[in-house]
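First the structure, in the form of C-alpha cells, and then the observations on it.
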2 protein chains.
Amino acid sequence: MRNAAFGVKRGRHAAVPFLVGGTDTLWREVSVAQQERAIRTRNAILAAAAEVFDEYHYEAASITDILNRAGVTKGALYFHFPSKEALAQGVMAAQARALELRLEPAGLQTLIDINLRIAHEMRTNTLLRAGVRLSAAVQRSVGISELAPFRLWTELFSSQLTAAKEKGELLQHVDPQQLARLIVSSYTGVQQVCALFDTLAELPEQITALWRVILPGIAVPGVLPHLRLDSTHAELMERQRLLPGTFEVETDG
Amino acid sequence: MRNAAFGVKRGRHAAVPFLVGGTDTLWREVSVAQQERAIRTRNAILAAAAEVFDEYHYEAASITDILNRAGVTKGALYFHFPSKEALAQGVMAAQARALELRLEPAGLQTLIDINLRIAHEMRTNTLLRAGVRLSAAVQRSVGISELAPFRLWTELFSSQLTAAKEKGELLQHVDPQQLARLIVSSYTGVQQVCALFDTLAELPEQITALWRVILPGIAVPGVLPHLRLDSTHAELMERQRLLPGTFEVETDG
C-alpha cells in the first residue's frame, strides 16, 4: 500500500527493486531472506550507533561499543559501514527516516505539525536525536560533512510552504524557498541551544514560541486563528493518522 | 572616559584596579609594564588560537601551531592557558569582547544593529567567528562546555528588549527574556547553517530576513516603518558612533 507519508521512497520496496517481476522462485526466496536480514542488520547497527553517538560525543564513541550493542559480527558491521565516519554519516542520513511523516494536506498546519513532531520526538527517538545533533555539531569539528539532511528538510519545508502559498495561507511577498531555509535554520538553533542547556524537554514549547513569533510575519491574518500551535504528541500522531506497517515489500508486481 | 559601550567593564582599567590610588611610583610603573605585557601576550595568544581554531577544526588544531603564530614562549602560553581546552574556552569567552558594541539608545533598532554588526563581522573578525563557532559546535563533541556566551548574549538581547518594551515598541504579550532566548537561538541556527554551507557572506541578508519575519509578531505596527533592517557595515559603525581608543586606563582616581 502506498501513502503520502514521507520516506516511502526509502521503504523496503525501494531496497529490493529486483524482486518485482522476478521469475526464479527459489532464487527470489533466498534473496528476499538475505535482503531482509541485511536490512535488519543495517538497522540494528544504525540504532546502536545512534545510541552510542547520543551518549558519548563523536570522538569518544567507540566502534567496539557499537558492535556490542548491535549484537552483530565485526565483519557485518564493516560490510555496511567501513569506518566511524561512515557510521556517523549513516546516522545523519537516517534522521528523517526515523519518522514517518504524513505530508498531506500540505500547508501551514502540516508544516507546524511536522516541526512539533520533530521537537517532541527529539526526546524519545534516539536515531532522530543523534542524527540531528551530529548534523549540527559534528561536521566542522571532525571534518566530515553531511549537508544532505539540511537540504532534505529545507526541500520538505519548502514544498509545504509552496502548497500554503497556493492555498492563500501566506502573505504575498513570502518566498517559500527562502522562508523554508530560515525556518530550518531557526529550528536548528532552538534545538541546539536546548540541547546545550540540557533542556530538550522544553523543545516543543520553544518551537511553539518560535511559530507564534514568525506566523504574523508570514501568514494572512484570517488563517492565524485556525492554526494549532501547541498540539501534544498524541494529538499530532492522531492528526497525522499514521498507519504503521503499511510499508509492505512489493513482492508481487 | 566612560561610555555605554558593551565590554567597558572588561577594559584595561578593570584588569588593573590596583593602579587606582596607588602610592609607590616605582612599583607601580613596573607593575603597569608587566601587566600591559601580560595583557598583550594573552591577546596575542587568543588571536593566534582563534586563527588556528578557525582554519582547522578543534581536534586538528595544534598548540605548536598556535605557539608559532602567537610568537610567544611555550612557558608564556601555558602560564595563560594550561591546555587546548583552556585555549578554546578563552576564545569562546572572548567572542563578545571582539566587538565594542554601543548599547544606547537601548531598544529595537539597537538590538537589530547589534545582530547585523555580528553578522557582518563574522566574515572579517576571526576572534568573533572562532568564538561563536566553537560555542555552537565544539562543546558536545569534545566534552568542554561553555554556556556563558549564550547566557551573555541572551542577557544583552534581553536588556535591549526590556528597554524596547518600556518605550512601547513591543506588543503587550511579548516576554523580553523569552524572546531574547528565541532570537539568540535563531541567530545561532542561521549563522551555523551559513557556516556549514560556507556562505557566511550571505549572513547579513539572512539576518535581515530573520528580522523581517519576526518583527510583525513582536513590534507594534507603528514602529515597523521606522526600523532599518538592512544597514551596511559602514552605516552600522557610523550609527553606533564607535570611538576607538576611548577605553583608557584610569590611572588617576
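FYI, nothing fancy with the C-alpha cells labels: chains A, B, ... in order, residues from 1 per chain, ligands from 1 as they appear.
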Discussion item. Residues of chain A were defined as contacting chain B if any atom lay at most 9 Å from it, counting only C-alpha atoms; please report them as a count of residues only.
Written reply: 45
Item to complete: Apply DSSP to the backbone of this structure and, from region 95-204 of chain B, keep only the residues in helix (DSSP H, G or I); write these as a VMD selection string.
Response: chain B and resid 108 to 124 126 to 142 148 to 166 176 to 196 200 to 204
Save the residues we just selected, C-alpha atoms, as an mmCIF file, in the first residue's frame?
data_model
loop_
_atom_site.group_PDB
_atom_site.id
_atom_site.type_symbol
_atom_site.label_atom_id
_atom_site.label_comp_id
_atom_site.auth_asym_id
_atom_site.auth_seq_id
_atom_site.Cartn_x
_atom_site.Cartn_y
_atom_site.Cartn_z
ATOM 1 C CA LEU B 108 14.665 47.526 18.925
ATOM 2 C CA GLN B 109 16.871 49.446 16.481
ATOM 3 C CA THR B 110 19.976 48.983 18.612
ATOM 4 C CA LEU B 111 19.213 45.266 19.018
ATOM 5 C CA ILE B 112 18.785 44.894 15.251
ATOM 6 C CA ASP B 113 22.027 46.838 14.731
ATOM 7 C CA ILE B 114 23.870 44.538 17.133
ATOM 8 C CA ASN B 115 22.564 41.477 15.270
ATOM 9 C CA LEU B 116 23.700 42.945 11.970
ATOM 10 C CA ARG B 117 27.093 44.028 13.363
ATOM 11 C CA ILE B 118 27.759 40.433 14.469
ATOM 12 C CA ALA B 119 26.562 39.100 11.103
ATOM 13 C CA HIS B 120 28.844 41.459 9.168
ATOM 14 C CA GLU B 121 31.866 40.872 11.376
ATOM 15 C CA MET B 122 31.552 37.080 11.252
ATOM 16 C CA ARG B 123 33.308 37.346 7.914
ATOM 17 C CA THR B 124 36.222 39.518 8.980
ATOM 18 C CA THR B 126 38.460 35.961 13.424
ATOM 19 C CA LEU B 127 38.114 36.061 17.220
ATOM 20 C CA LEU B 128 34.348 36.585 16.971
ATOM 21 C CA ARG B 129 33.933 33.902 14.309
ATOM 22 C CA ALA B 130 36.076 31.296 16.067
ATOM 23 C CA GLY B 131 34.411 32.066 19.408
ATOM 24 C CA VAL B 132 30.883 31.789 18.049
ATOM 25 C CA ARG B 133 31.623 28.640 16.055
ATOM 26 C CA LEU B 134 33.381 26.900 18.912
ATOM 27 C CA SER B 135 30.476 27.756 21.232
ATOM 28 C CA ALA B 136 27.926 26.323 18.837
ATOM 29 C CA ALA B 137 29.793 23.282 17.607
ATOM 30 C CA VAL B 138 32.540 22.122 19.860
ATOM 31 C CA GLN B 139 31.073 21.675 23.284
ATOM 32 C CA ARG B 140 29.257 18.392 22.971
ATOM 33 C CA SER B 141 31.704 16.866 20.578
ATOM 34 C CA VAL B 142 34.764 17.359 22.776
ATOM 35 C CA ALA B 148 28.491 31.585 29.316
ATOM 36 C CA PRO B 149 28.448 33.151 25.816
ATOM 37 C CA PHE B 150 24.810 32.084 25.287
ATOM 38 C CA ARG B 151 23.871 33.478 28.688
ATOM 39 C CA LEU B 152 25.755 36.687 27.971
ATOM 40 C CA TRP B 153 24.134 37.259 24.570
ATOM 41 C CA THR B 154 20.695 36.365 25.949
ATOM 42 C CA GLU B 155 21.149 38.846 28.805
ATOM 43 C CA LEU B 156 22.323 41.541 26.416
ATOM 44 C CA PHE B 157 19.420 40.987 24.000
ATOM 45 C CA SER B 158 17.006 40.802 26.915
ATOM 46 C CA SER B 159 18.069 44.202 28.259
ATOM 47 C CA GLN B 160 17.521 45.730 24.803
ATOM 48 C CA LEU B 161 14.068 44.134 24.553
ATOM 49 C CA THR B 162 13.150 45.275 28.064
ATOM 50 C CA ALA B 163 14.026 48.832 27.049
ATOM 51 C CA ALA B 164 12.050 48.380 23.820
ATOM 52 C CA LYS B 165 9.031 47.267 25.834
ATOM 53 C CA GLU B 166 9.352 50.250 28.188
ATOM 54 C CA PRO B 176 11.628 40.114 26.710
ATOM 55 C CA GLN B 177 13.530 37.276 28.395
ATOM 56 C CA GLN B 178 11.811 34.505 26.406
ATOM 57 C CA LEU B 179 12.086 36.436 23.158
ATOM 58 C CA ALA B 180 15.780 37.142 23.788
ATOM 59 C CA ARG B 181 16.471 33.422 24.069
ATOM 60 C CA LEU B 182 14.497 32.743 20.895
ATOM 61 C CA ILE B 183 16.403 35.400 18.929
ATOM 62 C CA VAL B 184 19.794 34.209 20.203
ATOM 63 C CA SER B 185 18.812 30.643 19.253
ATOM 64 C CA SER B 186 17.506 31.582 15.817
ATOM 65 C CA TYR B 187 20.542 33.750 15.152
ATOM 66 C CA THR B 188 22.775 30.832 16.137
ATOM 67 C CA GLY B 189 20.965 28.483 13.757
ATOM 68 C CA VAL B 190 21.048 30.880 10.813
ATOM 69 C CA GLN B 191 24.727 31.588 11.399
ATOM 70 C CA GLN B 192 25.524 27.915 11.696
ATOM 71 C CA VAL B 193 23.726 26.854 8.536
ATOM 72 C CA CYS B 194 25.550 29.644 6.661
ATOM 73 C CA ALA B 195 28.841 28.374 8.090
ATOM 74 C CA LEU B 196 28.064 24.755 7.165
ATOM 75 C CA LEU B 200 28.917 33.388 5.629
ATOM 76 C CA ALA B 201 28.914 36.238 3.100
ATOM 77 C CA GLU B 202 25.124 35.856 2.988
ATOM 78 C CA LEU B 203 24.739 36.049 6.770
ATOM 79 C CA PRO B 204 23.804 39.772 6.963
#
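Between CA of Ala44 (chain B) and CA of Leu99 (chain B) lies a distance of 16.3 Å.
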Find the residues near Ala49 (chain B): any atom within 7 Å, counting only C-alpha atoms, skip ones fewer than 4 places away on the same chain, and give them as a compact mmCIF listing (two decimals) with all heavy atoms, in the first residue's frame.
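Ended up saving to around_29.txt:
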# COMPACT_ATOMS: atom_id res chain seq x y z
N ILE B 45 48.03 35.44 22.10
CA ILE B 45 47.73 34.00 22.13
C ILE B 45 46.30 33.74 21.70
O ILE B 45 46.03 32.86 20.88
CB ILE B 45 47.98 33.42 23.55
CG1 ILE B 45 49.47 33.55 23.94
CG2 ILE B 45 47.55 31.95 23.61
CD1 ILE B 45 49.74 33.28 25.41
N PHE B 53 41.92 27.70 15.35
CA PHE B 53 40.63 27.01 15.52
C PHE B 53 39.70 27.29 14.33
O PHE B 53 38.84 26.49 13.99
CB PHE B 53 39.94 27.44 16.82
CG PHE B 53 40.56 26.89 18.07
CD1 PHE B 53 40.81 27.71 19.16
CD2 PHE B 53 40.88 25.54 18.16
CE1 PHE B 53 41.39 27.19 20.33
CE2 PHE B 53 41.45 25.02 19.32
CZ PHE B 53 41.70 25.85 20.40
N ILE B 66 49.64 27.20 17.26
CA ILE B 66 49.21 28.41 17.96
C ILE B 66 50.41 29.15 18.53
O ILE B 66 50.54 30.37 18.41
CB ILE B 66 48.19 28.05 19.07
CG1 ILE B 66 46.90 27.50 18.44
CG2 ILE B 66 47.90 29.27 19.96
CD1 ILE B 66 45.92 26.87 19.43
N LEU B 87 42.43 27.00 25.98
CA LEU B 87 42.54 27.93 24.85
C LEU B 87 41.18 28.10 24.16
O LEU B 87 40.76 29.22 23.86
CB LEU B 87 43.56 27.41 23.84
CG LEU B 87 45.03 27.73 24.13
CD1 LEU B 87 45.94 26.84 23.30
CD2 LEU B 87 45.32 29.20 23.82
Item to complete: Rounded to one decimal place, report the CA of Gln89 (chain B)-CA of Leu103 (chain B) distance in Å.
Response: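 A separation of 25.3 Å between them.
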Item to complete: Might you pull out every residue within 9 Å of Gly90 (chain A), with only C-alpha atoms counted and same-chain residues fewer than 5 positions away left off, and present them as a ChimeraX atom specification?
Response: /A:46,81,85,95,131
Write the residues you've just listed into a file as an mmCIF file, in the first residue's frame, and include all heavy atoms for each of them.
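The result, stored in again-v1.cif:
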data_model
loop_
_atom_site.group_PDB
_atom_site.id
_atom_site.type_symbol
_atom_site.label_atom_id
_atom_site.label_comp_id
_atom_site.auth_asym_id
_atom_site.auth_seq_id
_atom_site.Cartn_x
_atom_site.Cartn_y
_atom_site.Cartn_z
ATOM 1 N N LEU A 46 22.679 0.809 12.896
ATOM 2 C CA LEU A 46 22.360 2.240 12.964
ATOM 3 C C LEU A 46 21.761 2.607 14.312
ATOM 4 O O LEU A 46 22.096 3.649 14.892
ATOM 5 C CB LEU A 46 21.387 2.636 11.840
ATOM 6 C CG LEU A 46 21.990 2.834 10.455
ATOM 7 C CD1 LEU A 46 20.895 3.180 9.444
ATOM 8 C CD2 LEU A 46 23.050 3.946 10.471
ATOM 9 N N PHE A 81 29.323 -0.490 7.164
ATOM 10 C CA PHE A 81 29.923 0.816 7.468
ATOM 11 C C PHE A 81 31.413 0.641 7.704
ATOM 12 O O PHE A 81 31.827 0.232 8.782
ATOM 13 C CB PHE A 81 29.262 1.434 8.706
ATOM 14 C CG PHE A 81 27.775 1.604 8.574
ATOM 15 C CD1 PHE A 81 26.896 0.679 9.147
ATOM 16 C CD2 PHE A 81 27.253 2.683 7.870
ATOM 17 C CE1 PHE A 81 25.531 0.830 9.013
ATOM 18 C CE2 PHE A 81 25.881 2.841 7.738
ATOM 19 C CZ PHE A 81 25.014 1.911 8.310
ATOM 20 N N GLU A 85 33.384 7.304 10.612
ATOM 21 C CA GLU A 85 32.810 8.395 9.814
ATOM 22 C C GLU A 85 31.588 7.896 9.049
ATOM 23 O O GLU A 85 30.563 8.576 8.998
ATOM 24 C CB GLU A 85 33.836 8.936 8.798
ATOM 25 C CG GLU A 85 34.956 9.773 9.378
ATOM 26 C CD GLU A 85 36.031 8.929 10.064
ATOM 27 O OE1 GLU A 85 36.008 7.672 9.943
ATOM 28 O OE2 GLU A 85 36.882 9.508 10.755
ATOM 29 N N GLN A 95 18.233 10.256 9.847
ATOM 30 C CA GLN A 95 17.434 11.039 10.800
ATOM 31 C C GLN A 95 15.991 11.238 10.353
ATOM 32 O O GLN A 95 15.072 11.178 11.168
ATOM 33 C CB GLN A 95 18.100 12.385 11.093
ATOM 34 C CG GLN A 95 18.202 13.306 9.895
ATOM 35 C CD GLN A 95 18.846 14.643 10.257
ATOM 36 O OE1 GLN A 95 18.172 15.641 10.435
ATOM 37 N NE2 GLN A 95 20.159 14.648 10.362
ATOM 38 N N GLY A 131 21.000 11.818 14.900
ATOM 39 C CA GLY A 131 21.186 12.291 13.524
ATOM 40 C C GLY A 131 21.177 13.805 13.438
ATOM 41 O O GLY A 131 22.039 14.412 12.789
#
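For the pair CA of Val223 (chain B) and CA of Gly168 (chain B), the interatomic distance is 9.0 Å.
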Practice prompt. Find the residues around Ala38 (chain A) up to 10 Å (only C-alpha atoms counted), leave out those fewer than 6 positions away in its own chain, and share them as a PyMOL selection string.
Written response: chain A and resi 32+44+76+80
Mind dumping the selected residues with C-alpha atoms as a PDB file, in the first residue's frame?
ATOM      1  CA  VAL A  32      14.318 -11.927  -0.003  1.00  0.00           C
ATOM      2  CA  ALA A  44      20.429  -2.740  14.216  1.00  0.00           C
ATOM      3  CA  ALA A  76      28.905  -7.469   9.234  1.00  0.00           C
ATOM      4  CA  HIS A  80      27.782  -1.981   5.990  1.00  0.00           C
TER       5      HIS A  80
END
